[in-house]
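Okay, so here's the structure we're looking at.
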Amino acid sequence: MDYQKNTTIAARGAAIGIFIYLFLAVMKLITAHYFQSMSLQADGLNNLSDIFSSLSVFIGLQLAKKPADDDHHFDHSKFETLASFITAVIMFTIGFEVFSSSISRLIAGEYQQTDLKATYVSLISMLILALTRRSIKKMAIKTNSLGLKATVADMRNDLLISFGTFIGALGVKIGIPFLDTVISIIVSLLIIRTAFEIFKESSFVLSDGFDKEELQKYYTIIMKHPKVYNVSNLRARLSGNKIYVDVTIEIDGNLSVIESHHITEDIERILSYNYSVYDCDVHVEPYHHTNNDESR
């Protein structure tokens, strides 16, 4: 698997996100100011945060392409995850700001009348986001990029937010003036929720967490090797879109060094082929049979 090529593709996806969000943010903020739409303004601010988010991911992916050096022996691929973490922090900040502002206006009863023409912007936004999300989702699946997956999840929420903005503007016209403000509160909560999801996933990876179910799959397939009697230790971690595995297997202690080495190569190939493991360190120990062991 060409990780350098995948990182380049992922960076291209992040760049597309930057330009799309820049266009949408400018369009929405100008329209919101002209037609006095709070929910559209909140939507535009959300897209503004998305610009910084996509830029953070883009920079992280560029840094992730750097090879290993004296200070980073496992290369720089974790910069992508770090960029996702920064993205979450940015989104938290803007989400709470929009929430605070909207709540204050709701309590004060300061409702703004929105021109129905503002809804055209929401409809255009939904169309652009749907097409862009579809394209970036394909890139995310192909590259298994955490940064692009976060972008895809964010765009899914942005579609809901734009739809909410559309409903809010219609609400003002049918005699529910506070609906636009309520929608802006919902928008802020969606921003915060997405930020939490990205924060949770990125912090999990940065702290070297790994899916237990995925690890169990590794254990099961390793134990299927006819010459492996036991797996005494198995751990894995993610670095960007790369999987690193460290496993200790127990085999017949009478095997030669060459035979043992062949077994370790088998394990490496099995994990690489079936689960796209980038790097696997296999440690070998002699198997000590006990009366409680089942024969193989």
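Chain lettering (A, B, ...) mirrors the order of the structure tokens, residue numbering begins at 1 for each chain separately, and ligand numbering begins at 1 in order of display.
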
Got a sec: who's within 10 Å of stretch 219-226 of chain A, counting only C-alpha atoms, leaving out chain neighbours fewer than 2 positions off, as number ranges by chain? A: 213-217, 228-235, 247, 249, 251, 263, 266-268, 270-271, 274, 296

Can you measure atom CA of A:Val89 to atom CA of A:Ser53 for me? One decimal in Å is fine.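 Distance reported for this atom pair: 9.4 Å.
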
List every residue of stretch 19-193 of chain A that DSSP, applied to the backbone of this structure, places in helix (DSSP H, G or I), and write the result as a PDB file with C-alpha atoms, in the first residue's frame.
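Printed below is states.pdb as written:
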ATOM      1  CA  PHE A  19     -12.136  26.166  -0.880  1.00  0.00           C
ATOM      2  CA  ILE A  20     -15.700  24.876  -0.610  1.00  0.00           C
ATOM      3  CA  TYR A  21     -16.105  26.072   2.971  1.00  0.00           C
ATOM      4  CA  LEU A  22     -14.540  29.426   2.141  1.00  0.00           C
ATOM      5  CA  PHE A  23     -17.071  29.946  -0.629  1.00  0.00           C
ATOM      6  CA  LEU A  24     -20.010  28.860   1.549  1.00  0.00           C
ATOM      7  CA  ALA A  25     -18.914  30.930   4.572  1.00  0.00           C
ATOM      8  CA  VAL A  26     -18.568  34.146   2.542  1.00  0.00           C
ATOM      9  CA  MET A  27     -21.867  33.558   0.756  1.00  0.00           C
ATOM     10  CA  LYS A  28     -23.788  32.816   3.974  1.00  0.00           C
ATOM     11  CA  LEU A  29     -22.293  35.583   6.121  1.00  0.00           C
ATOM     12  CA  ILE A  30     -22.941  38.240   3.479  1.00  0.00           C
ATOM     13  CA  THR A  31     -26.478  36.978   2.918  1.00  0.00           C
ATOM     14  CA  ALA A  32     -27.117  36.704   6.678  1.00  0.00           C
ATOM     15  CA  HIS A  33     -26.008  40.314   7.191  1.00  0.00           C
ATOM     16  CA  TYR A  34     -28.132  41.591   4.320  1.00  0.00           C
ATOM     17  CA  PHE A  35     -31.296  39.633   5.257  1.00  0.00           C
ATOM     18  CA  MET A  38     -29.344  34.599  12.804  1.00  0.00           C
ATOM     19  CA  SER A  39     -29.490  30.930  11.851  1.00  0.00           C
ATOM     20  CA  LEU A  40     -27.804  31.625   8.498  1.00  0.00           C
ATOM     21  CA  GLN A  41     -25.145  33.637  10.335  1.00  0.00           C
ATOM     22  CA  ALA A  42     -24.579  30.717  12.713  1.00  0.00           C
ATOM     23  CA  ASP A  43     -24.366  28.388   9.714  1.00  0.00           C
ATOM     24  CA  GLY A  44     -21.812  30.715   8.090  1.00  0.00           C
ATOM     25  CA  LEU A  45     -19.732  30.837  11.278  1.00  0.00           C
ATOM     26  CA  ASN A  46     -19.828  27.058  11.367  1.00  0.00           C
ATOM     27  CA  ASN A  47     -18.448  26.968   7.817  1.00  0.00           C
ATOM     28  CA  LEU A  48     -15.821  29.478   8.907  1.00  0.00           C
ATOM     29  CA  SER A  49     -14.684  27.059  11.584  1.00  0.00           C
ATOM     30  CA  ASP A  50     -14.681  24.348   8.919  1.00  0.00           C
ATOM     31  CA  ILE A  51     -12.138  26.386   6.927  1.00  0.00           C
ATOM     32  CA  PHE A  52      -9.722  26.345   9.850  1.00  0.00           C
ATOM     33  CA  SER A  53     -10.522  22.688  10.455  1.00  0.00           C
ATOM     34  CA  SER A  54      -9.786  21.683   6.871  1.00  0.00           C
ATOM     35  CA  LEU A  55      -6.675  23.882   6.878  1.00  0.00           C
ATOM     36  CA  SER A  56      -5.493  22.178  10.061  1.00  0.00           C
ATOM     37  CA  VAL A  57      -6.055  18.763   8.458  1.00  0.00           C
ATOM     38  CA  PHE A  58      -4.275  19.879   5.273  1.00  0.00           C
ATOM     39  CA  ILE A  59      -1.202  21.082   7.195  1.00  0.00           C
ATOM     40  CA  GLY A  60      -1.240  17.939   9.334  1.00  0.00           C
ATOM     41  CA  LEU A  61      -1.298  15.742   6.231  1.00  0.00           C
ATOM     42  CA  GLN A  62       1.588  17.680   4.687  1.00  0.00           C
ATOM     43  CA  LEU A  63       3.637  17.152   7.858  1.00  0.00           C
ATOM     44  CA  ALA A  64       2.568  13.505   8.008  1.00  0.00           C
ATOM     45  CA  LYS A  78       0.556  11.285  13.904  1.00  0.00           C
ATOM     46  CA  PHE A  79       0.502  14.936  12.834  1.00  0.00           C
ATOM     47  CA  GLU A  80      -2.706  14.120  10.952  1.00  0.00           C
ATOM     48  CA  THR A  81      -4.363  12.965  14.181  1.00  0.00           C
ATOM     49  CA  LEU A  82      -3.009  16.011  15.992  1.00  0.00           C
ATOM     50  CA  ALA A  83      -4.613  18.195  13.313  1.00  0.00           C
ATOM     51  CA  SER A  84      -7.967  16.500  13.970  1.00  0.00           C
ATOM     52  CA  PHE A  85      -7.550  17.241  17.681  1.00  0.00           C
ATOM     53  CA  ILE A  86      -6.908  20.930  16.917  1.00  0.00           C
ATOM     54  CA  THR A  87      -9.973  20.909  14.657  1.00  0.00           C
ATOM     55  CA  ALA A  88     -12.119  19.738  17.567  1.00  0.00           C
ATOM     56  CA  VAL A  89     -10.826  22.550  19.801  1.00  0.00           C
ATOM     57  CA  ILE A  90     -11.639  25.166  17.138  1.00  0.00           C
ATOM     58  CA  MET A  91     -15.126  23.785  16.675  1.00  0.00           C
ATOM     59  CA  PHE A  92     -15.763  23.722  20.432  1.00  0.00           C
ATOM     60  CA  THR A  93     -14.836  27.419  20.666  1.00  0.00           C
ATOM     61  CA  ILE A  94     -17.111  28.577  17.853  1.00  0.00           C
ATOM     62  CA  GLY A  95     -19.934  26.252  18.902  1.00  0.00           C
ATOM     63  CA  PHE A  96     -20.047  27.639  22.437  1.00  0.00           C
ATOM     64  CA  GLU A  97     -19.830  31.204  21.128  1.00  0.00           C
ATOM     65  CA  VAL A  98     -22.822  30.698  18.826  1.00  0.00           C
ATOM     66  CA  PHE A  99     -24.758  28.939  21.604  1.00  0.00           C
ATOM     67  CA  SER A 100     -24.108  31.734  24.131  1.00  0.00           C
ATOM     68  CA  SER A 101     -25.086  34.461  21.676  1.00  0.00           C
ATOM     69  CA  SER A 102     -28.268  32.680  20.604  1.00  0.00           C
ATOM     70  CA  ILE A 103     -29.402  31.966  24.163  1.00  0.00           C
ATOM     71  CA  SER A 104     -28.893  35.623  25.097  1.00  0.00           C
ATOM     72  CA  ARG A 105     -31.038  36.774  22.163  1.00  0.00           C
ATOM     73  CA  LEU A 106     -33.722  34.193  22.951  1.00  0.00           C
ATOM     74  CA  ILE A 107     -33.945  35.328  26.596  1.00  0.00           C
ATOM     75  CA  ALA A 108     -34.019  39.001  25.562  1.00  0.00           C
ATOM     76  CA  ALA A 118     -32.193  33.875   2.276  1.00  0.00           C
ATOM     77  CA  THR A 119     -33.476  30.315   1.976  1.00  0.00           C
ATOM     78  CA  TYR A 120     -32.085  30.119  -1.540  1.00  0.00           C
ATOM     79  CA  VAL A 121     -28.604  30.223  -0.039  1.00  0.00           C
ATOM     80  CA  SER A 122     -29.402  27.257   2.217  1.00  0.00           C
ATOM     81  CA  LEU A 123     -30.682  25.250  -0.742  1.00  0.00           C
ATOM     82  CA  ILE A 124     -27.574  26.040  -2.801  1.00  0.00           C
ATOM     83  CA  SER A 125     -25.405  25.150   0.204  1.00  0.00           C
ATOM     84  CA  MET A 126     -27.084  21.760   0.629  1.00  0.00           C
ATOM     85  CA  LEU A 127     -26.512  20.906  -3.033  1.00  0.00           C
ATOM     86  CA  ILE A 128     -22.825  21.908  -2.946  1.00  0.00           C
ATOM     87  CA  LEU A 129     -22.209  20.102   0.356  1.00  0.00           C
ATOM     88  CA  ALA A 130     -23.904  16.911  -0.844  1.00  0.00           C
ATOM     89  CA  LEU A 131     -21.761  16.747  -3.992  1.00  0.00           C
ATOM     90  CA  THR A 132     -18.539  17.660  -2.152  1.00  0.00           C
ATOM     91  CA  ARG A 133     -19.200  15.212   0.693  1.00  0.00           C
ATOM     92  CA  ARG A 134     -19.744  12.397  -1.791  1.00  0.00           C
ATOM     93  CA  SER A 135     -16.389  13.092  -3.430  1.00  0.00           C
ATOM     94  CA  ILE A 136     -14.425  13.457  -0.189  1.00  0.00           C
ATOM     95  CA  LYS A 137     -16.064  10.357   1.300  1.00  0.00           C
ATOM     96  CA  LYS A 138     -14.631   8.288  -1.555  1.00  0.00           C
ATOM     97  CA  MET A 139     -11.180   9.731  -0.796  1.00  0.00           C
ATOM     98  CA  ALA A 140     -11.589   9.000   2.926  1.00  0.00           C
ATOM     99  CA  ILE A 141     -12.510   5.364   2.249  1.00  0.00           C
ATOM    100  CA  LYS A 142      -9.638   4.941  -0.202  1.00  0.00           C
ATOM    101  CA  THR A 143      -6.997   6.484   2.076  1.00  0.00           C
ATOM    102  CA  LEU A 146      -8.832  10.062  10.072  1.00  0.00           C
ATOM    103  CA  GLY A 147      -8.726  13.721   9.047  1.00  0.00           C
ATOM    104  CA  LEU A 148     -10.914  13.187   5.979  1.00  0.00           C
ATOM    105  CA  LYS A 149     -13.313  10.990   7.945  1.00  0.00           C
ATOM    106  CA  ALA A 150     -13.753  13.902  10.363  1.00  0.00           C
ATOM    107  CA  THR A 151     -14.392  16.212   7.398  1.00  0.00           C
ATOM    108  CA  VAL A 152     -17.025  13.833   5.992  1.00  0.00           C
ATOM    109  CA  ALA A 153     -18.773  13.636   9.382  1.00  0.00           C
ATOM    110  CA  ASP A 154     -18.692  17.415   9.653  1.00  0.00           C
ATOM    111  CA  MET A 155     -20.189  17.820   6.179  1.00  0.00           C
ATOM    112  CA  ARG A 156     -22.997  15.449   7.114  1.00  0.00           C
ATOM    113  CA  ASN A 157     -23.856  17.713  10.025  1.00  0.00           C
ATOM    114  CA  ASP A 158     -23.483  20.772   7.808  1.00  0.00           C
ATOM    115  CA  LEU A 159     -26.182  19.360   5.543  1.00  0.00           C
ATOM    116  CA  LEU A 160     -28.501  19.062   8.535  1.00  0.00           C
ATOM    117  CA  ILE A 161     -27.548  22.558   9.675  1.00  0.00           C
ATOM    118  CA  SER A 162     -28.319  24.070   6.254  1.00  0.00           C
ATOM    119  CA  PHE A 163     -31.652  22.250   6.252  1.00  0.00           C
ATOM    120  CA  GLY A 164     -32.381  23.648   9.726  1.00  0.00           C
ATOM    121  CA  THR A 165     -31.522  27.144   8.513  1.00  0.00           C
ATOM    122  CA  PHE A 166     -33.961  26.702   5.652  1.00  0.00           C
ATOM    123  CA  ILE A 167     -36.727  25.634   8.075  1.00  0.00           C
ATOM    124  CA  GLY A 168     -35.898  28.531  10.412  1.00  0.00           C
ATOM    125  CA  ALA A 169     -36.329  31.127   7.660  1.00  0.00           C
ATOM    126  CA  LEU A 170     -39.651  29.585   6.654  1.00  0.00           C
ATOM    127  CA  GLY A 171     -40.754  29.659  10.302  1.00  0.00           C
ATOM    128  CA  VAL A 172     -40.310  33.419  10.489  1.00  0.00           C
ATOM    129  CA  LYS A 173     -42.524  33.859   7.436  1.00  0.00           C
ATOM    130  CA  LEU A 179     -37.857  29.731  15.311  1.00  0.00           C
ATOM    131  CA  ASP A 180     -34.864  31.287  13.544  1.00  0.00           C
ATOM    132  CA  THR A 181     -33.164  31.858  16.919  1.00  0.00           C
ATOM    133  CA  VAL A 182     -34.049  28.359  18.132  1.00  0.00           C
ATOM    134  CA  ILE A 183     -32.538  26.903  14.956  1.00  0.00           C
ATOM    135  CA  SER A 184     -29.300  28.828  15.611  1.00  0.00           C
ATOM    136  CA  ILE A 185     -29.159  27.178  19.062  1.00  0.00           C
ATOM    137  CA  ILE A 186     -29.625  23.767  17.470  1.00  0.00           C
ATOM    138  CA  VAL A 187     -26.868  24.635  14.982  1.00  0.00           C
ATOM    139  CA  SER A 188     -24.485  25.453  17.839  1.00  0.00           C
ATOM    140  CA  LEU A 189     -25.297  22.170  19.602  1.00  0.00           C
ATOM    141  CA  LEU A 190     -24.591  20.243  16.388  1.00  0.00           C
ATOM    142  CA  ILE A 191     -21.222  22.004  16.120  1.00  0.00           C
ATOM    143  CA  ILE A 192     -20.394  21.082  19.727  1.00  0.00           C
ATOM    144  CA  ARG A 193     -21.512  17.482  19.251  1.00  0.00           C
TER     145      ARG A 193
END

Point-to-point distance in Å for atom CA of A:Ser145 and atom CA of A:Thr7: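 Separation between atom CA of A:Thr7 and atom CA of A:Ser145: 7.7 Å.
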
Suppose you want the space between atom CA of A:Thr264 and atom CA of A:Val282; what is it in Å? 5.7 Å
